[in-house]
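Colleague: Input structure: input.txt, which contains compact mmCIF, C-alpha atoms.
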```
# COMPACT_ATOMS: atom_id res chain seq x y z
CA MET A 52 23.85 -0.35 -4.80
CA THR A 53 23.11 -3.83 -6.02
CA ARG A 54 19.36 -3.67 -5.40
CA THR A 55 16.75 -1.33 -6.75
CA VAL A 56 14.85 0.87 -4.31
CA ILE A 57 11.40 1.48 -5.76
CA ALA A 58 10.15 3.95 -3.16
CA SER A 59 11.59 5.74 -0.18
CA HIS A 60 10.20 8.19 2.30
CA CYS A 61 11.92 10.12 5.05
CA LEU A 62 9.60 10.12 8.02
CA PRO A 63 9.40 12.57 10.91
CA ARG A 64 11.45 11.82 13.99
CA SER A 65 8.24 10.85 15.83
CA ALA A 66 7.96 7.89 13.42
CA ALA A 67 11.36 6.68 14.57
CA ILE A 68 9.78 5.86 17.93
CA LEU A 69 7.76 3.25 16.04
CA ALA A 70 11.05 1.85 14.73
CA ASN A 71 12.22 1.53 18.36
CA ASP A 72 14.80 4.30 18.07
CA PRO A 73 13.44 7.74 19.04
CA ASP A 74 16.77 9.50 18.46
CA CYS A 75 17.20 8.86 14.76
CA ASP A 76 15.89 10.12 11.47
CA CYS A 77 13.81 7.43 9.82
CA LEU A 78 14.00 6.34 6.18
CA ALA A 79 11.44 3.79 4.98
CA LEU A 80 12.27 1.79 1.83
CA PHE A 81 10.33 -0.38 -0.57
CA ALA A 82 12.74 -2.46 -2.63
CA GLU A 83 12.41 -4.57 -5.73
CA GLU A 84 13.81 -7.57 -3.85
CA ARG A 85 12.61 -7.66 -0.26
CA SER A 86 14.01 -10.99 0.86
CA ASN A 87 17.34 -9.65 2.08
CA PHE A 88 16.49 -6.27 3.60
CA GLU A 89 19.45 -6.25 6.01
CA THR A 90 21.93 -6.23 3.11
CA LEU A 91 20.05 -3.41 1.41
CA LYS A 92 19.89 -1.52 4.71
CA ARG A 93 23.68 -1.72 5.12
CA GLU A 94 24.22 -0.54 1.54
CA VAL A 95 21.86 2.42 1.99
CA LEU A 96 23.40 3.40 5.32
CA THR A 97 26.91 3.25 3.82
CA TYR A 98 25.80 5.36 0.86
CA VAL A 99 23.86 7.94 2.88
CA GLU A 100 26.29 8.29 5.80
CA THR A 101 29.10 9.41 3.47
CA ARG A 102 26.85 12.20 2.15
CA ARG A 103 25.08 13.47 5.27
CA PRO A 104 26.26 16.66 6.93
CA LEU A 105 28.17 16.35 10.17
CA GLY A 106 25.91 16.45 13.20
CA ALA A 107 22.87 15.31 11.22
CA GLY A 108 22.16 12.53 13.70
CA ARG A 109 21.68 8.84 13.18
CA LEU A 110 19.66 7.33 10.38
CA CYS A 111 17.24 4.46 10.95
CA VAL A 112 16.34 2.45 7.80
CA VAL A 113 13.15 0.39 7.94
CA PRO A 114 11.20 -1.64 5.37
CA ALA A 115 7.88 -0.42 4.05
CA ARG A 116 5.00 -2.60 5.24
CA LEU A 117 2.60 -3.89 2.63
CA ILE A 118 -1.05 -3.68 3.62
CA GLY A 119 -3.42 -5.81 1.57
CA VAL A 120 -6.49 -3.91 0.42
CA CYS A 121 -9.46 -6.23 -0.12
CA ALA A 122 -12.71 -4.95 -1.59
CA THR A 123 -16.14 -6.51 -1.57
CA VAL A 124 -18.04 -4.94 -4.45
CA TYR A 125 -21.81 -5.04 -4.93
CA ALA A 126 -22.65 -3.99 -8.49
CA THR A 127 -25.76 -3.83 -10.61
CA ILE A 128 -25.69 -5.31 -14.10
CA ALA A 129 -28.24 -5.22 -16.93
CA ALA A 130 -28.36 -8.98 -17.56
CA PRO A 131 -26.89 -12.15 -16.00
CA GLU A 132 -24.67 -12.74 -19.03
CA ASP A 133 -22.88 -9.45 -18.26
CA ALA A 134 -21.50 -10.79 -14.97
CA LEU A 135 -18.26 -12.38 -16.24
CA ASN A 136 -17.21 -9.37 -18.28
CA ALA A 137 -18.15 -6.94 -15.48
CA LYS A 138 -16.27 -9.00 -12.88
CA SER A 139 -13.17 -9.07 -15.05
CA ARG A 140 -13.28 -5.30 -15.62
CA ILE A 141 -13.80 -4.55 -11.91
CA MET A 142 -10.95 -6.87 -10.88
CA GLU A 143 -8.61 -5.32 -13.47
CA SER A 144 -9.55 -1.82 -12.32
CA LEU A 145 -8.89 -2.68 -8.68
CA ALA A 146 -5.58 -4.36 -9.54
CA ARG A 147 -4.44 -1.30 -11.51
CA TYR A 148 -5.53 1.14 -8.81
CA LEU A 149 -3.93 -0.84 -5.98
CA ASP A 150 -0.72 -1.77 -7.79
CA THR A 151 2.03 -0.96 -5.30
CA ILE A 152 4.53 0.06 -7.96
CA GLU A 153 2.60 1.39 -10.95
CA SER A 154 0.11 3.49 -8.96
CA HIS A 155 2.93 5.47 -7.36
CA TRP A 156 1.65 5.13 -3.81
CA HIS A 157 3.72 6.96 -1.22
CA ILE A 158 5.07 5.14 1.80
CA GLY A 159 2.84 6.00 4.72
CA SER A 160 -0.36 6.35 2.71
CA LEU A 161 -3.32 4.08 2.13
CA PRO A 162 -6.34 4.64 -0.10
CA THR A 163 -9.49 5.35 1.86
CA PRO A 164 -12.63 3.29 1.22
CA GLU A 165 -14.10 6.35 -0.52
CA GLU A 166 -11.08 6.63 -2.86
CA ILE A 167 -11.43 2.97 -3.78
CA SER A 168 -15.12 3.49 -4.57
CA VAL A 169 -14.27 6.52 -6.71
CA SER A 170 -11.66 4.46 -8.60
CA LEU A 171 -14.54 2.24 -9.74
CA HIS A 172 -16.72 5.17 -10.86
CA SER A 173 -17.29 3.75 -14.34
CA PHE A 174 -19.06 0.72 -12.81
CA SER A 175 -22.28 2.27 -11.69
CA PRO A 176 -24.32 1.70 -9.65
CA LEU A 177 -22.29 -0.14 -7.05
CA SER A 178 -21.27 -0.12 -3.43
CA VAL A 179 -17.92 -1.17 -2.04
CA LEU A 180 -16.97 -2.55 1.35
CA THR A 181 -13.21 -2.31 1.90
CA VAL A 182 -11.16 -4.38 4.34
CA TYR A 183 -7.44 -3.97 4.95
CA THR A 184 -5.19 -6.89 5.78
CA VAL A 185 -2.60 -6.18 8.47
CA ASN A 186 -0.26 -9.11 9.18
CA GLY A 187 -2.80 -11.47 7.62
CA ALA A 188 -5.70 -10.28 9.78
CA PRO A 189 -8.60 -8.10 8.61
CA ALA A 190 -8.65 -4.50 9.83
CA ASP A 191 -10.65 -1.36 9.16
CA TYR A 192 -9.12 1.73 7.56
CA LYS A 193 -8.40 3.56 10.83
CA ARG A 194 -6.46 0.63 12.26
CA ALA A 195 -4.58 -0.01 9.02
CA ALA A 196 -3.70 3.68 8.62
CA ARG A 197 -2.04 3.66 12.05
CA VAL A 198 0.45 1.00 10.93
CA PRO A 199 3.76 2.78 10.29
CA PHE A 200 5.57 2.73 6.94
CA THR A 201 2.60 1.37 4.97
CA LEU A 202 2.12 0.77 1.27
CA PRO A 203 -1.09 -0.62 -0.20
CA THR A 204 -1.04 -3.80 -2.22
CA ASN A 205 -3.77 -5.52 -4.18
CA GLY A 206 -5.61 -7.99 -1.96
CA LYS A 207 -8.33 -10.56 -2.57
CA HIS A 208 -11.61 -9.16 -3.80
CA GLU A 209 -15.17 -10.44 -3.94
CA ILE A 210 -17.64 -9.22 -6.54
CA PHE A 211 -21.41 -9.69 -6.19
CA PHE A 212 -24.00 -8.74 -8.77
CA ARG A 213 -27.64 -7.81 -8.79
CA VAL A 214 -29.53 -7.82 -12.06
CA ALA A 215 -31.34 -4.57 -12.71
CA SER A 216 -35.09 -4.95 -12.84
```
Could you rewrite the structure in this file as structure tokens?
Modeller:
Amino acid sequence: MTRTVIASHCLPRSAAILANDPDCDCLALFAEERSNFETLKREVLTYVETRRPLGAGRLCVVPARLIGVCATVYATIAAPEDALNAKSRIMESLARYLDTIESHWHIGSLPTPEEISVSLHSFSPLSVLTVYTVNGAPADYKRAARVPFTLPTNGKHEIFFRVAS
């Protein structure tokens, strides 16, 4: 294959209904280069079809869908001059946690708002409001989790501080 597949996930036949083909097995792919998915799809189908057992049924190959995860963080800091450093550390922590490739997210999973809050455990006290971006529009976790073939990606974050009294 000429392209690198970063993640793949074979989904239950019920997921194939979401790919508009209820009679096939469904394979979701996240590739290094996503601009020409149809070429990658043909390469994968050619590769897999020569290795599948007879009678295994059709294979449906679909792209993973990136869901932007945007957090609004409310944190308490000791002094106003701590804000820049704290903001940088929180943003870096979120970027690391939500990195589509390095965090080894599985296709079909999204971090819950609680998991995102826990990922920021070293920045205490704080509260986090999480919004997911589905096709450019904000969505809550339940709506975003219903989107098939999802992978989280780092979205735009807002950080607000309160100085401890």
Colleague: Between A:Pro199, A:Pro114, A:Pro131, A:Gly108, which residue has the minimum interatomic distance to Ala82 of chain A, considering only C-alpha atoms?
Modeller: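 Counting only C-alpha atoms, the residue closest to Ala82 of chain A is A:Pro114.
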Colleague: Work out how far atom CA of Leu145 of chain A is from atom CA of Gly187 of chain A, in Å to one decimal.
Modeller: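 So the answer is 19.5 Å.
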Colleague: With all atoms of segment 159-178 of chain A from the file as input, state the centre and edge lengths in Å to one decimal of the axis-aligned box that has 5 Å extra on each side, as AutoDock Vina command-line options.
Modeller:
```
--center_x -10.7 --center_y 3.2 --center_z -4.8 --size_x 37.2 --size_y 16.8 --size_z 29.1
```
Colleague: I'd like the interatomic distance between atom CA of Ala196 of chain A and atom CA of Leu78 of chain A, to a tenth of an Å.
Modeller: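 Those two atoms sit 18.1 Å apart.
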Colleague: Would you please work out which residue, of A:Cys121, A:Leu96, A:Leu91, A:Leu161, is nearest to Phe200 of chain A when using only C-alpha atoms?
Modeller: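 Counting only C-alpha atoms, the residue closest to Phe200 of chain A is A:Leu161.
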Colleague: Rounded to one decimal, what separation in Å do you get between atom CA of Thr204 of chain A and atom CA of Val99 of chain A?
Modeller: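 About the pair atom CA of Thr204 of chain A and atom CA of Val99 of chain A: they are 28.0 Å apart.
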Colleague: Identify which of the residues A:Arg147, A:His172, A:Arg140, A:Arg116 lies closest to Pro203 of chain A, counting all atoms listed in the file when measuring atom-to-atom distances.
Modeller: A:Arg116
Colleague: Which protein, DNA or RNA residues are at most 10 Å from (22.5, 1.0, -0.4) in the file's coordinates when you count all atoms listed in the file, listed as number ranges by chain?
Modeller: A: 52-56, 90-99
Colleague: If I put a ball of radius 7 Å at (-29.2, -5.3, -8.6) in the file's coordinates, which residues poke into it when counting only C-alpha atoms, written as a list in words?
Modeller: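 Looking at atoms near the point gives Ala126, Thr127, Ile128, Phe212, Arg213, Val214 and Ala215 of chain A.
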Colleague: When you count only C-alpha atoms, which of these residues is closest to Glu153 of chain A: A:Cys77, A:Ile210, A:Ala188, A:Ile57?
Modeller: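 Of A:Cys77, A:Ile210, A:Ala188, A:Ile57, the one nearest Glu153 of chain A, counting only C-alpha atoms, is A:Ile57.
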Colleague: Taking only C-alpha atoms into account, which of A:Thr101, A:His60, A:His208, A:Gly119 comes nearest Ser144 of chain A?
Modeller: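 That would be A:His208, the residue with the smallest distance to Ser144 of chain A.
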Colleague: Excluding same-chain residues fewer than 3 positions from Glu166 of chain A, what lies within 12 Å of it counting only C-alpha atoms, as a list in words?
Modeller: Val120, Ala122, Leu145, Tyr148, Leu149, Leu161, Pro162, Thr163, Val169, Ser170, Leu171, His172, Val179, Leu180, Thr181 and Tyr192 of chain A
Colleague: Phe211 of chain A: which residues within 8 Å, counting all atoms listed in the file, same-chain residues fewer than 5 positions away excluded, as number ranges by chain?
Modeller: A: 123-126
Colleague: So that I have them on file, write out the residues from the current selection with C-alpha atoms, as an mmCIF file, in the frame of the given file.
Modeller:
```cif
data_model
loop_
_atom_site.group_PDB
_atom_site.id
_atom_site.type_symbol
_atom_site.label_atom_id
_atom_site.label_comp_id
_atom_site.auth_asym_id
_atom_site.auth_seq_id
_atom_site.Cartn_x
_atom_site.Cartn_y
_atom_site.Cartn_z
ATOM 1 C CA THR A 123 -16.140 -6.510 -1.570
ATOM 2 C CA VAL A 124 -18.040 -4.940 -4.450
ATOM 3 C CA TYR A 125 -21.810 -5.040 -4.930
ATOM 4 C CA ALA A 126 -22.650 -3.990 -8.490
#
```
Colleague: Name the closest residue to Ala129 of chain A among the candidates A:Ser216, A:Ala146, A:Ser168, A:Ala79; distances are taken between atoms, counting only C-alpha atoms.
Modeller: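 Going through A:Ser216, A:Ala146, A:Ser168, A:Ala79 one by one, the smallest distance to Ala129 of chain A is for A:Ser216.
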Colleague: Could I get segment 157-192 of chain A from the block written out with N, CA and C atoms, as a short mmCIF file (atom, residue, chain, number, x, y, z; two decimals), in the first residue's frame?
Modeller:
```
data_model
loop_
_atom_site.label_atom_id
_atom_site.label_comp_id
_atom_site.auth_asym_id
_atom_site.auth_seq_id
_atom_site.Cartn_x
_atom_site.Cartn_y
_atom_site.Cartn_z
N HIS A 157 -9.10 4.87 19.93
CA HIS A 157 -9.66 3.84 19.06
C HIS A 157 -10.80 4.45 18.27
N ILE A 158 -10.90 4.04 17.01
CA ILE A 158 -12.01 4.50 16.19
C ILE A 158 -13.31 4.06 16.85
N GLY A 159 -14.22 5.00 16.97
CA GLY A 159 -15.50 4.72 17.61
C GLY A 159 -15.56 5.14 19.06
N SER A 160 -14.49 5.76 19.56
CA SER A 160 -14.50 6.20 20.96
C SER A 160 -14.22 7.69 21.05
N LEU A 161 -14.80 8.29 22.05
CA LEU A 161 -14.56 9.70 22.36
C LEU A 161 -14.34 9.81 23.86
N PRO A 162 -13.46 10.72 24.29
CA PRO A 162 -13.31 10.92 25.73
C PRO A 162 -14.56 11.61 26.29
N THR A 163 -14.97 11.16 27.45
CA THR A 163 -16.13 11.80 28.09
C THR A 163 -15.66 13.11 28.74
N PRO A 164 -16.59 14.00 29.06
CA PRO A 164 -16.20 15.21 29.78
C PRO A 164 -15.46 14.90 31.08
N GLU A 165 -15.88 13.84 31.77
CA GLU A 165 -15.22 13.47 33.02
C GLU A 165 -13.77 13.05 32.78
N GLU A 166 -13.53 12.28 31.71
CA GLU A 166 -12.17 11.85 31.38
C GLU A 166 -11.28 13.03 31.05
N ILE A 167 -11.83 14.02 30.38
CA ILE A 167 -11.05 15.22 30.06
C ILE A 167 -10.70 15.96 31.34
N SER A 168 -11.65 16.08 32.25
CA SER A 168 -11.37 16.72 33.53
C SER A 168 -10.28 15.97 34.29
N VAL A 169 -10.36 14.65 34.31
CA VAL A 169 -9.35 13.85 35.00
C VAL A 169 -7.98 14.03 34.36
N SER A 170 -7.93 14.21 33.04
CA SER A 170 -6.64 14.39 32.37
C SER A 170 -5.95 15.68 32.83
N LEU A 171 -6.70 16.58 33.39
CA LEU A 171 -6.15 17.85 33.89
C LEU A 171 -6.03 17.83 35.42
N HIS A 172 -5.92 16.67 36.02
CA HIS A 172 -5.94 16.54 37.48
C HIS A 172 -4.85 17.33 38.19
N SER A 173 -3.72 17.56 37.52
CA SER A 173 -2.64 18.29 38.20
C SER A 173 -2.91 19.79 38.29
N PHE A 174 -3.95 20.26 37.62
CA PHE A 174 -4.32 21.68 37.66
C PHE A 174 -5.55 21.81 38.54
N SER A 175 -5.32 21.95 39.81
CA SER A 175 -6.43 21.93 40.74
C SER A 175 -6.43 23.22 41.55
N PRO A 176 -7.55 23.75 41.92
CA PRO A 176 -8.89 23.33 41.53
C PRO A 176 -9.29 23.91 40.18
N LEU A 177 -10.13 23.18 39.47
CA LEU A 177 -10.65 23.68 38.21
C LEU A 177 -11.96 23.00 37.88
N SER A 178 -12.67 23.56 36.93
CA SER A 178 -13.84 22.90 36.37
C SER A 178 -13.73 23.02 34.86
N VAL A 179 -14.28 22.04 34.17
CA VAL A 179 -14.14 21.97 32.72
C VAL A 179 -15.52 21.79 32.10
N LEU A 180 -15.81 22.60 31.10
CA LEU A 180 -17.00 22.44 30.29
C LEU A 180 -16.50 21.97 28.93
N THR A 181 -16.99 20.83 28.45
CA THR A 181 -16.51 20.26 27.20
C THR A 181 -17.59 20.34 26.13
N VAL A 182 -17.19 20.76 24.94
CA VAL A 182 -18.09 20.81 23.79
C VAL A 182 -17.41 20.03 22.67
N TYR A 183 -18.18 19.28 21.92
CA TYR A 183 -17.67 18.51 20.80
C TYR A 183 -18.10 19.19 19.51
N THR A 184 -17.27 19.16 18.51
CA THR A 184 -17.58 19.79 17.25
C THR A 184 -17.85 18.72 16.19
N VAL A 185 -19.10 18.64 15.75
CA VAL A 185 -19.50 17.67 14.75
C VAL A 185 -19.84 18.44 13.48
N ASN A 186 -19.08 18.20 12.42
CA ASN A 186 -19.27 18.92 11.15
C ASN A 186 -19.28 20.44 11.36
N GLY A 187 -18.41 20.92 12.21
CA GLY A 187 -18.26 22.35 12.44
C GLY A 187 -19.27 22.95 13.41
N ALA A 188 -20.22 22.16 13.89
CA ALA A 188 -21.24 22.68 14.80
C ALA A 188 -21.05 22.09 16.19
N PRO A 189 -21.28 22.90 17.23
CA PRO A 189 -21.13 22.38 18.60
C PRO A 189 -22.16 21.30 18.91
N ALA A 190 -21.74 20.33 19.71
CA ALA A 190 -22.63 19.24 20.13
C ALA A 190 -22.23 18.78 21.52
N ASP A 191 -23.18 18.20 22.24
CA ASP A 191 -22.83 17.63 23.55
C ASP A 191 -22.26 16.23 23.34
N TYR A 192 -21.80 15.62 24.43
CA TYR A 192 -21.15 14.32 24.34
C TYR A 192 -22.07 13.25 23.76
#
```
